[in-house]
Structure formats: structure tokens, C-alpha cells
file work30.txt (compact mmCIF, C-alpha atoms and all ligand atoms)
# COMPACT_ATOMS: atom_id res chain seq x y z
CA MET D 165 -26.38 0.15 22.71
CA SER D 166 -24.10 2.23 20.52
CA ASP D 167 -23.99 1.90 16.74
CA ILE D 168 -20.62 0.20 16.82
CA CYS D 169 -21.82 -2.39 19.32
CA SER D 170 -24.94 -3.20 17.39
CA ASN D 171 -22.93 -3.30 14.16
CA ILE D 172 -20.53 -5.82 15.67
CA GLU D 173 -23.45 -7.88 16.82
CA LYS D 174 -24.91 -7.80 13.29
CA VAL D 175 -21.60 -8.82 11.73
CA ASN D 176 -21.22 -11.68 14.21
CA GLN D 177 -24.73 -12.75 13.31
CA ARG D 178 -23.82 -12.66 9.61
CA ILE D 179 -20.86 -14.93 10.42
CA ILE D 180 -23.08 -17.34 12.33
CA THR D 181 -25.69 -17.47 9.56
CA ALA D 182 -23.07 -18.00 6.85
CA CYS D 183 -21.48 -20.78 8.92
CA GLU D 184 -24.83 -22.46 9.44
CA GLU D 185 -25.48 -22.42 5.71
CA ALA D 186 -22.03 -23.78 5.00
CA GLY D 187 -22.19 -26.42 7.73
CA ARG D 188 -19.25 -24.85 9.56
CA ASN D 189 -18.57 -24.06 13.20
CA PRO D 190 -18.80 -20.28 13.81
CA ASN D 191 -15.95 -20.57 16.31
CA ASP D 192 -13.68 -21.30 13.37
CA VAL D 193 -14.25 -17.87 11.82
CA HIS D 194 -12.56 -14.92 13.51
CA LEU D 195 -13.59 -11.32 13.06
CA VAL D 196 -10.84 -8.76 12.52
CA ALA D 197 -12.30 -5.27 12.82
CA ILE D 198 -10.60 -3.02 10.27
CA SER D 199 -10.40 0.38 11.94
CA LYS D 200 -8.36 2.28 9.33
CA THR D 201 -9.10 6.01 9.18
CA LYS D 202 -11.26 5.70 12.30
CA PRO D 203 -10.41 7.36 15.64
CA LEU D 204 -9.18 5.52 18.71
CA ASP D 205 -12.48 6.18 20.43
CA ASP D 206 -14.17 3.91 17.90
CA ILE D 207 -11.66 1.17 18.66
CA LYS D 208 -12.19 1.57 22.39
CA GLU D 209 -15.91 1.39 21.90
CA ALA D 210 -15.58 -1.80 19.87
CA PHE D 211 -13.23 -3.26 22.48
CA ASP D 212 -15.78 -2.51 25.20
CA CYS D 213 -18.27 -4.54 23.17
CA GLY D 214 -15.95 -7.52 23.24
CA GLN D 215 -14.03 -7.07 19.99
CA LEU D 216 -10.36 -8.04 20.48
CA HIS D 217 -8.84 -8.16 16.98
CA PHE D 218 -8.21 -4.93 15.07
CA GLY D 219 -6.58 -4.36 11.71
CA GLU D 220 -5.00 -1.39 9.97
CA ASN D 221 -3.62 -1.01 6.46
CA ARG D 222 -1.07 1.79 6.93
CA ALA D 223 2.07 1.33 8.99
CA LYS D 224 2.09 4.85 10.38
CA GLU D 225 -1.51 4.78 11.48
CA LEU D 226 -1.13 1.32 13.01
CA GLN D 227 1.97 2.50 14.85
CA ASP D 228 0.25 5.60 16.23
CA LYS D 229 -2.72 3.58 17.42
CA MET D 230 -0.60 0.83 18.99
CA ASP D 231 1.57 3.42 20.76
CA THR D 232 -1.36 5.43 22.06
CA TYR D 233 -3.73 2.68 23.06
CA LYS D 234 -1.61 0.23 24.98
CA ASN D 235 -4.24 -2.34 25.72
CA PRO D 236 -2.59 -5.73 26.27
CA ASP D 237 -5.80 -7.58 25.46
CA ILE D 238 -5.98 -6.24 21.92
CA GLN D 239 -4.49 -8.19 19.04
CA TRP D 240 -3.22 -5.89 16.28
CA HIS D 241 -3.23 -6.96 12.64
CA MET D 242 -1.38 -5.29 9.79
CA VAL D 243 -3.33 -5.92 6.58
CA GLY D 244 -1.81 -3.33 4.22
CA ASN D 245 1.25 -3.14 2.03
CA LEU D 246 4.56 -3.44 3.87
CA GLN D 247 7.74 -1.40 3.65
CA THR D 248 10.96 -2.84 4.99
CA ASN D 249 11.85 0.26 7.00
CA LYS D 250 8.55 0.20 8.90
CA ILE D 251 8.88 -3.38 10.12
CA LYS D 252 11.40 -2.55 12.85
CA TYR D 253 8.84 -0.59 14.87
CA MET D 254 5.84 -2.65 13.91
CA VAL D 255 7.21 -5.87 15.41
CA GLU D 256 7.31 -4.35 18.89
CA ARG D 257 3.59 -4.72 19.24
CA VAL D 258 1.88 -6.17 16.17
CA ASN D 259 0.48 -9.70 16.55
CA TRP D 260 -0.41 -10.59 12.96
CA ILE D 261 0.88 -9.41 9.58
CA HIS D 262 -1.39 -10.50 6.71
CA SER D 263 0.51 -8.93 3.85
CA ILE D 264 3.72 -10.88 3.31
CA GLU D 265 4.38 -10.91 -0.41
CA LYS D 266 8.16 -11.27 -0.57
CA PRO D 267 10.77 -13.37 1.28
CA LYS D 268 12.63 -10.21 2.26
CA TYR D 269 9.81 -9.15 4.56
CA LEU D 270 10.02 -12.43 6.44
CA GLN D 271 13.77 -12.01 6.79
CA GLU D 272 13.34 -8.50 8.14
CA ILE D 273 10.70 -9.62 10.65
CA GLU D 274 12.95 -12.49 11.73
CA LYS D 275 15.83 -10.10 12.35
CA ARG D 276 13.86 -7.38 14.11
CA ALA D 277 11.57 -9.63 16.17
CA GLY D 278 14.58 -11.74 17.14
CA ARG D 279 16.21 -8.77 18.84
CA ILE D 280 13.25 -8.33 21.16
CA ASP D 281 12.47 -12.04 21.39
CA ARG D 282 9.00 -11.90 19.92
CA VAL D 283 7.33 -14.26 17.47
CA ILE D 284 5.10 -12.66 14.83
CA ASN D 285 2.19 -14.47 13.21
CA THR D 286 2.15 -13.91 9.48
CA LEU D 287 0.04 -14.74 6.46
CA VAL D 288 1.28 -14.73 2.89
CA GLN D 289 -0.84 -12.52 0.68
CA VAL D 290 -1.61 -14.01 -2.72
CA ASN D 291 -2.84 -11.98 -5.65
CA ILE D 292 -6.01 -13.83 -6.63
CA SER D 293 -7.85 -11.04 -8.40
CA ASP D 294 -7.65 -10.27 -12.06
CA GLU D 295 -7.37 -6.59 -11.33
CA ASP D 296 -4.09 -4.99 -12.09
CA GLN D 297 -3.35 -4.54 -8.41
CA LYS D 298 0.14 -4.86 -7.04
CA SER D 299 -0.62 -6.50 -3.72
CA GLY D 300 0.24 -10.10 -3.10
CA CYS D 301 2.56 -12.65 -4.64
CA THR D 302 1.56 -14.62 -7.69
CA PRO D 303 0.47 -18.19 -6.87
CA ASP D 304 3.62 -19.63 -8.43
CA LYS D 305 5.83 -17.71 -5.96
CA LEU D 306 4.11 -19.18 -2.94
CA GLU D 307 6.20 -22.30 -2.66
CA LYS D 308 9.46 -20.41 -2.62
CA ILE D 309 8.25 -17.99 0.05
CA LEU D 310 7.02 -20.83 2.26
CA ASP D 311 10.18 -22.91 1.80
CA GLY D 312 12.28 -19.97 2.91
CA ALA D 313 10.23 -19.55 6.08
CA ARG D 314 10.32 -23.06 7.54
CA SER D 315 13.49 -22.56 9.56
CA LEU D 316 12.72 -19.09 10.95
CA ASN D 317 12.43 -18.71 14.72
CA HIS D 318 10.63 -15.41 15.14
CA VAL D 319 8.10 -15.78 12.35
CA ARG D 320 5.24 -18.22 12.08
CA VAL D 321 3.52 -18.47 8.72
CA ARG D 322 0.02 -19.40 9.73
CA GLY D 323 -1.95 -19.01 6.56
CA LEU D 324 -2.79 -17.17 3.39
CA MET D 325 -4.58 -13.90 2.72
CA GLY D 326 -6.33 -12.70 -0.40
CA MET D 327 -8.54 -9.91 -1.67
CA ALA D 328 -11.11 -10.59 -4.35
CA THR D 329 -11.76 -8.33 -7.29
CA PHE D 330 -13.87 -5.35 -6.29
CA THR D 331 -17.07 -6.27 -8.09
CA ASP D 332 -20.72 -7.04 -7.38
CA ASP D 333 -20.39 -10.22 -9.42
CA MET D 334 -20.18 -12.82 -6.66
CA ASP D 335 -19.40 -15.60 -9.15
CA VAL D 336 -16.12 -13.88 -9.94
CA VAL D 337 -15.42 -13.37 -6.24
CA ARG D 338 -16.25 -16.99 -5.44
CA ASP D 339 -13.89 -18.34 -8.09
CA GLU D 340 -11.06 -16.25 -6.66
CA PHE D 341 -11.72 -17.45 -3.11
CA LYS D 342 -11.86 -21.02 -4.39
CA LEU D 343 -8.45 -20.55 -5.96
CA LEU D 344 -7.02 -19.31 -2.66
CA LYS D 345 -8.55 -22.24 -0.79
CA GLU D 346 -7.03 -24.67 -3.31
CA LEU D 347 -3.61 -23.11 -2.85
CA PHE D 348 -4.09 -23.28 0.90
CA ASP D 349 -5.06 -26.96 0.87
CA LYS D 350 -2.18 -27.84 -1.41
CA HIS D 351 0.50 -26.06 0.64
CA ALA D 352 -0.95 -27.04 4.02
CA GLU D 353 0.04 -30.61 3.17
CA ASN D 354 3.64 -29.51 3.57
CA ASN D 355 3.28 -27.88 6.98
CA GLU D 356 6.64 -28.13 8.63
CA GLY D 357 8.75 -26.07 11.00
CA SER D 358 7.57 -22.49 11.20
CA VAL D 359 5.16 -22.90 8.31
CA GLN D 360 1.89 -24.13 9.76
CA LEU D 361 -0.93 -23.08 7.46
CA GLU D 362 -4.21 -23.09 9.37
CA HIS D 363 -5.80 -19.74 8.52
CA LEU D 364 -7.36 -18.26 5.44
CA SER D 365 -7.87 -14.51 5.68
CA MET D 366 -10.51 -13.63 3.12
CA GLY D 367 -13.79 -11.76 3.07
CA MET D 368 -14.67 -8.12 3.77
CA THR D 369 -17.91 -6.19 4.26
CA ASN D 370 -19.19 -6.97 0.77
CA ASP D 371 -18.13 -10.56 0.32
CA MET D 372 -17.76 -12.13 3.76
CA GLU D 373 -20.56 -14.65 3.27
CA VAL D 374 -19.03 -15.99 0.06
CA ALA D 375 -15.63 -16.11 1.76
CA ILE D 376 -17.00 -18.11 4.67
CA GLU D 377 -18.72 -20.54 2.32
CA GLU D 378 -15.35 -21.02 0.61
CA GLY D 379 -13.44 -21.68 3.81
CA SER D 380 -12.37 -18.36 5.32
CA THR D 381 -11.22 -18.45 8.95
CA MET D 382 -10.62 -14.71 9.29
CA VAL D 383 -12.89 -12.05 7.88
CA ARG D 384 -11.55 -8.48 7.77
CA VAL D 385 -14.51 -6.18 8.17
CA GLY D 386 -14.38 -2.39 8.27
CA ARG D 387 -17.39 -0.51 6.95
CA ALA D 388 -20.05 -2.84 8.36
CA ILE D 389 -18.67 -2.09 11.84
CA PHE D 390 -17.38 1.48 11.76
CA GLY D 391 -19.40 2.95 8.90
CA GLU D 392 -18.23 4.37 5.59
CA ARG D 393 -14.78 5.91 5.37
CA ASN D 394 -14.06 9.36 4.03
CA TYR D 395 -10.70 8.28 2.66
CA GLY D 396 -8.48 5.19 2.65
C1 LIG Z 1 -10.11 -1.75 4.18
C2 LIG Z 1 -9.73 -3.19 4.16
C3 LIG Z 1 -10.64 -4.18 4.57
C4 LIG Z 1 -12.05 -3.88 5.04
O1 LIG Z 1 -12.85 -3.48 3.98
P1 LIG Z 1 -14.42 -3.14 4.23
O2 LIG Z 1 -14.97 -3.08 2.88
O3 LIG Z 1 -14.43 -1.82 4.95
O4 LIG Z 1 -14.99 -4.21 5.07
C5 LIG Z 1 -10.20 -5.49 4.55
N1 LIG Z 1 -8.96 -5.82 4.15
C6 LIG Z 1 -8.07 -4.91 3.77
C7 LIG Z 1 -6.71 -5.35 3.33
C8 LIG Z 1 -8.41 -3.55 3.75
O5 LIG Z 1 -7.52 -2.66 3.34
call {"tool": "encode", "arguments": {"input": "work30.txt", "output": "C-alpha cells", "more": "lines below"}}
Ligand SMILES: *Cc1c(COP(=O)(O)O)cnc(C)c1O
result
Amino acid sequence: MSDICSNIEKVNQRIITACEEAGRNPNDVHLVAISKTKPLDDIKEAFDCGQLHFGENRAKELQDKMDTYKNPDIQWHMVGNLQTNKIKYMVERVNWIHSIEKPKYLQEIEKRAGRIDRVINTLVQVNISDEDQKSGCTPDKLEKILDGARSLNHVRVRGLMGMATFTDDMDVVRDEFKLLKELFDKHAENNEGSVQLEHLSMGMTNDMEVAIEEGSTMVRVGRAIFGERNYG
């Protein structure tokens, strides 16, 4: 068995163990393999081992990979910062966009996906870390973004995404995931129209167990599957 296959098996086992400890059903936690900076051959290898969901954080790289590897069974996820002018091409193939942080991105997806009659699954990214990072809306902007999305036809808002502070202190990480889960629970009470919150995208190689304990339904794992990255 190749490294990538055995790595995927190990990550799936980590998911199962974390679910057992949290009293959750492992079928409720989906693995998105983050293949950024890695060659297509690695993605193909992972696919051959049964991995169907892949995520990238740069529009250009995602586009190149989607255009080159036209495998209808793969679900592509965009997890990195968006730019309005990249959305037009992305919507042709992408299945999930995790990084909605402004209403204008939803409007652009609605317009572009409408022209080709697709519906794109999206998650609103919330800035839950105390780092000075730009990604994600502040929690107080969430309501406005969700309200503006309820009547859209080519966008479904299916959950929230967050990245914890990059630290070894798992108490800090846990508090941030708890905050995201609280926001999720609160806003999921108002599910209506195209806003149907059911997913929480949180947890990466270093913090996936904590994320699962706090309610994650999608873990985005790169290094534990594909190995360390040289850049990105
Ligand atoms: C790179 C990346 C990941 C995966 O991180 P690892 O530490 O390699 O597991 C997850 N989410 C986002 C948004 C990323 O950019």
C-alpha cells in the first residue's frame, strides 16, 4: 500500500477514534483532503484509495487541477480566500466553497452559476481566531450575510467554516471551535430558503480531534495525508 493510502487510512482511523470518544457517528464527519501544492498524481492516488473530496486554497491551482483531471466522481472544495474575478471560472466545476466572507461573493456565485444552471454549496467562513488574520467575517456580520442568501437560487449556504489560531495550546483552539459551534447552533435555528446550516468545517492535521469533539462535520486535512508542503 502506498504512503498516501496508508495515510488516508490513518486519518480515517483518527476520525473514528475521535468520534467514539465524543459519542458521535463517524459517518457524520467527512474528510476533505487538502491537496494544495501537491501534484495531480497524488490526488489520483488518493482517489484510487477511495478519497472523493479534495480541497485547494488557491483559485488558479484549483482551476488547473479541475481542468486537467476531469473526474466526475471527485468533489472539489475551495477553501482559500476568494477573488470576485476568479469565481466565474470556478463555478463551472467546483462543488463546495468554504470561504464566503462577504455578501458580494454570494451574489457573484449566484450570477455566474445561474448562467450555467448549477447550484454551488457554500459555507460562510467566520474569523474565530485571535490572530490578526484577514480571513473570515466577524461573528456579528454573520446574520446579514445569511439573510442576504435565503432567496438565492444557485447558492446553498450549508454551514460555517473556521480556522483556529495556529498554536499548540489546545485549550485556545477548543474555545475557538466552541464559539463557532455556538454561532452555528444559533443561526441554524433560522434555516430557511437557501440557508440550510448543517455542516461545520473545522479541524486540520493538528487539531482535528478537538474539532470533532466540538462538533465538526468536515475536517480539512492536508499534511497528514500528503506529507509536509514546501510552500503554501
Ligand atoms: C492548508 C489548509 C488546510 C490543511 O492544513 P494541514 O495542516 O495541512 O492539515 C486546511 N484548511 C485550509 C483553509 C488550508 O489552507
call {"tool": "closest_residue", "arguments": {"input": "work30.txt", "among": "D:Ile309, D:Ile292, D:Ala197, D:Leu316", "to": "Phe330 of chain D", "atoms": "only C-alpha atoms"}}
result
D:Ile292
call {"tool": "closest_atom_pairs", "arguments": {"input": "work30.txt", "of": "chain D", "to": "ligand LIG 1 (chain Z)", "cutoff": "6 Å", "atoms": "only C-alpha atoms and all ligand atoms", "output": "tab-separated table"}}
result
residue	atom	partner	partner_atom	distance
D:Ile198	CA	Z:LIG1	C4	5.5
D:Asn221	CA	Z:LIG1	O5	5.3
D:Val243	CA	Z:LIG1	C7	4.7
D:Gly244	CA	Z:LIG1	C7	5.4
D:Met368	CA	Z:LIG1	O4	4.1
D:Thr369	CA	Z:LIG1	O4	3.6
D:Arg384	CA	Z:LIG1	C5	4.6
D:Val385	CA	Z:LIG1	O4	3.7
D:Gly386	CA	Z:LIG1	O3	3.4
D:Arg387	CA	Z:LIG1	O3	3.8
call {"tool": "closest_residue", "arguments": {"input": "work30.txt", "among": "D:Ile172, D:Arg178, D:Ile284, D:Ile238", "to": "Met372 of chain D", "atoms": "all atoms listed in the file"}}
result
D:Arg178
call {"tool": "closest_residue", "arguments": {"input": "work30.txt", "among": "D:Pro303, D:Glu173, D:Met382, D:Ile273", "to": "Gly219 of chain D", "atoms": "all atoms listed in the file"}}
result
D:Met382
call {"tool": "residues_around", "arguments": {"input": "work30.txt", "residues": "Ser199 of chain D", "least_positions_apart": "3", "cutoff": "8 Å", "atoms": "only C-alpha atoms", "output": "list in words"}}
result
Lys202, Pro203, Asp206, Ile207, Phe218, Gly219, Glu220, Gly386 and Phe390 of chain D
call {"tool": "atom_distance", "arguments": {"input": "work30.txt", "atom1": "atom CA of Thr381 of chain D", "atom2": "atom CA of Met366 of chain D"}}
result
7.6 Å
call {"tool": "build_atoms", "arguments": {"input": "work30.txt", "residues": "segment 293-311 of chain D", "atoms": "N, CA, C and O atoms", "output": "PDB file, in the coordinates of the input"}}
result
ATOM      1  N   SER D 293      -6.887 -11.778  -7.591  1.00  0.00           N
ATOM      2  CA  SER D 293      -7.850 -11.040  -8.400  1.00  0.00           C
ATOM      3  C   SER D 293      -7.281 -10.789  -9.781  1.00  0.00           C
ATOM      4  O   SER D 293      -6.076 -10.832  -9.988  1.00  0.00           O
ATOM      5  N   ASP D 294      -8.156 -10.529 -10.719  1.00  0.00           N
ATOM      6  CA  ASP D 294      -7.650 -10.270 -12.060  1.00  0.00           C
ATOM      7  C   ASP D 294      -7.482  -8.772 -12.294  1.00  0.00           C
ATOM      8  O   ASP D 294      -7.217  -8.319 -13.383  1.00  0.00           O
ATOM      9  N   GLU D 295      -7.650  -8.010 -11.222  1.00  0.00           N
ATOM     10  CA  GLU D 295      -7.370  -6.590 -11.330  1.00  0.00           C
ATOM     11  C   GLU D 295      -5.870  -6.401 -11.416  1.00  0.00           C
ATOM     12  O   GLU D 295      -5.089  -7.238 -11.001  1.00  0.00           O
ATOM     13  N   ASP D 296      -5.502  -5.265 -11.912  1.00  0.00           N
ATOM     14  CA  ASP D 296      -4.090  -4.990 -12.090  1.00  0.00           C
ATOM     15  C   ASP D 296      -3.474  -4.477 -10.800  1.00  0.00           C
ATOM     16  O   ASP D 296      -2.665  -3.565 -10.804  1.00  0.00           O
ATOM     17  N   GLN D 297      -3.863  -5.076  -9.674  1.00  0.00           N
ATOM     18  CA  GLN D 297      -3.350  -4.540  -8.410  1.00  0.00           C
ATOM     19  C   GLN D 297      -2.021  -5.182  -8.052  1.00  0.00           C
ATOM     20  O   GLN D 297      -1.731  -6.298  -8.409  1.00  0.00           O
ATOM     21  N   LYS D 298      -1.225  -4.432  -7.310  1.00  0.00           N
ATOM     22  CA  LYS D 298       0.140  -4.860  -7.040  1.00  0.00           C
ATOM     23  C   LYS D 298       0.233  -5.818  -5.861  1.00  0.00           C
ATOM     24  O   LYS D 298       1.197  -6.516  -5.709  1.00  0.00           O
ATOM     25  N   SER D 299      -0.781  -5.800  -4.994  1.00  0.00           N
ATOM     26  CA  SER D 299      -0.620  -6.500  -3.720  1.00  0.00           C
ATOM     27  C   SER D 299      -0.661  -8.007  -3.855  1.00  0.00           C
ATOM     28  O   SER D 299      -1.513  -8.559  -4.541  1.00  0.00           O
ATOM     29  N   GLY D 300       0.250  -8.651  -3.156  1.00  0.00           N
ATOM     30  CA  GLY D 300       0.240 -10.100  -3.100  1.00  0.00           C
ATOM     31  C   GLY D 300       1.197 -10.735  -4.088  1.00  0.00           C
ATOM     32  O   GLY D 300       1.488 -10.187  -5.146  1.00  0.00           O
ATOM     33  N   CYS D 301       1.694 -11.921  -3.722  1.00  0.00           N
ATOM     34  CA  CYS D 301       2.560 -12.650  -4.640  1.00  0.00           C
ATOM     35  C   CYS D 301       1.701 -13.399  -5.640  1.00  0.00           C
ATOM     36  O   CYS D 301       0.528 -13.648  -5.397  1.00  0.00           O
ATOM     37  N   THR D 302       2.284 -13.770  -6.755  1.00  0.00           N
ATOM     38  CA  THR D 302       1.560 -14.620  -7.690  1.00  0.00           C
ATOM     39  C   THR D 302       1.564 -16.048  -7.127  1.00  0.00           C
ATOM     40  O   THR D 302       2.487 -16.421  -6.389  1.00  0.00           O
ATOM     41  N   PRO D 303       0.552 -16.845  -7.444  1.00  0.00           N
ATOM     42  CA  PRO D 303       0.470 -18.190  -6.870  1.00  0.00           C
ATOM     43  C   PRO D 303       1.730 -19.022  -7.076  1.00  0.00           C
ATOM     44  O   PRO D 303       2.102 -19.814  -6.196  1.00  0.00           O
ATOM     45  N   ASP D 304       2.432 -18.812  -8.175  1.00  0.00           N
ATOM     46  CA  ASP D 304       3.620 -19.630  -8.430  1.00  0.00           C
ATOM     47  C   ASP D 304       4.820 -19.248  -7.542  1.00  0.00           C
ATOM     48  O   ASP D 304       5.797 -19.973  -7.477  1.00  0.00           O
ATOM     49  N   LYS D 305       4.732 -18.118  -6.870  1.00  0.00           N
ATOM     50  CA  LYS D 305       5.830 -17.710  -5.960  1.00  0.00           C
ATOM     51  C   LYS D 305       5.658 -18.254  -4.545  1.00  0.00           C
ATOM     52  O   LYS D 305       6.572 -18.194  -3.720  1.00  0.00           O
ATOM     53  N   LEU D 306       4.473 -18.776  -4.300  1.00  0.00           N
ATOM     54  CA  LEU D 306       4.110 -19.180  -2.940  1.00  0.00           C
ATOM     55  C   LEU D 306       5.080 -20.208  -2.365  1.00  0.00           C
ATOM     56  O   LEU D 306       5.548 -20.096  -1.231  1.00  0.00           O
ATOM     57  N   GLU D 307       5.386 -21.205  -3.165  1.00  0.00           N
ATOM     58  CA  GLU D 307       6.200 -22.300  -2.660  1.00  0.00           C
ATOM     59  C   GLU D 307       7.569 -21.816  -2.185  1.00  0.00           C
ATOM     60  O   GLU D 307       8.054 -22.190  -1.116  1.00  0.00           O
ATOM     61  N   LYS D 308       8.136 -20.927  -2.972  1.00  0.00           N
ATOM     62  CA  LYS D 308       9.460 -20.410  -2.620  1.00  0.00           C
ATOM     63  C   LYS D 308       9.407 -19.608  -1.313  1.00  0.00           C
ATOM     64  O   LYS D 308      10.282 -19.732  -0.454  1.00  0.00           O
ATOM     65  N   ILE D 309       8.380 -18.797  -1.179  1.00  0.00           N
ATOM     66  CA  ILE D 309       8.250 -17.990   0.050  1.00  0.00           C
ATOM     67  C   ILE D 309       8.100 -18.910   1.261  1.00  0.00           C
ATOM     68  O   ILE D 309       8.750 -18.724   2.295  1.00  0.00           O
ATOM     69  N   LEU D 310       7.260 -19.919   1.127  1.00  0.00           N
ATOM     70  CA  LEU D 310       7.020 -20.830   2.260  1.00  0.00           C
ATOM     71  C   LEU D 310       8.278 -21.636   2.589  1.00  0.00           C
ATOM     72  O   LEU D 310       8.637 -21.798   3.756  1.00  0.00           O
ATOM     73  N   ASP D 311       8.963 -22.124   1.552  1.00  0.00           N
ATOM     74  CA  ASP D 311      10.180 -22.910   1.800  1.00  0.00           C
ATOM     75  C   ASP D 311      11.210 -22.101   2.576  1.00  0.00           C
ATOM     76  O   ASP D 311      11.882 -22.623   3.464  1.00  0.00           O
TER      77      ASP D 311
END
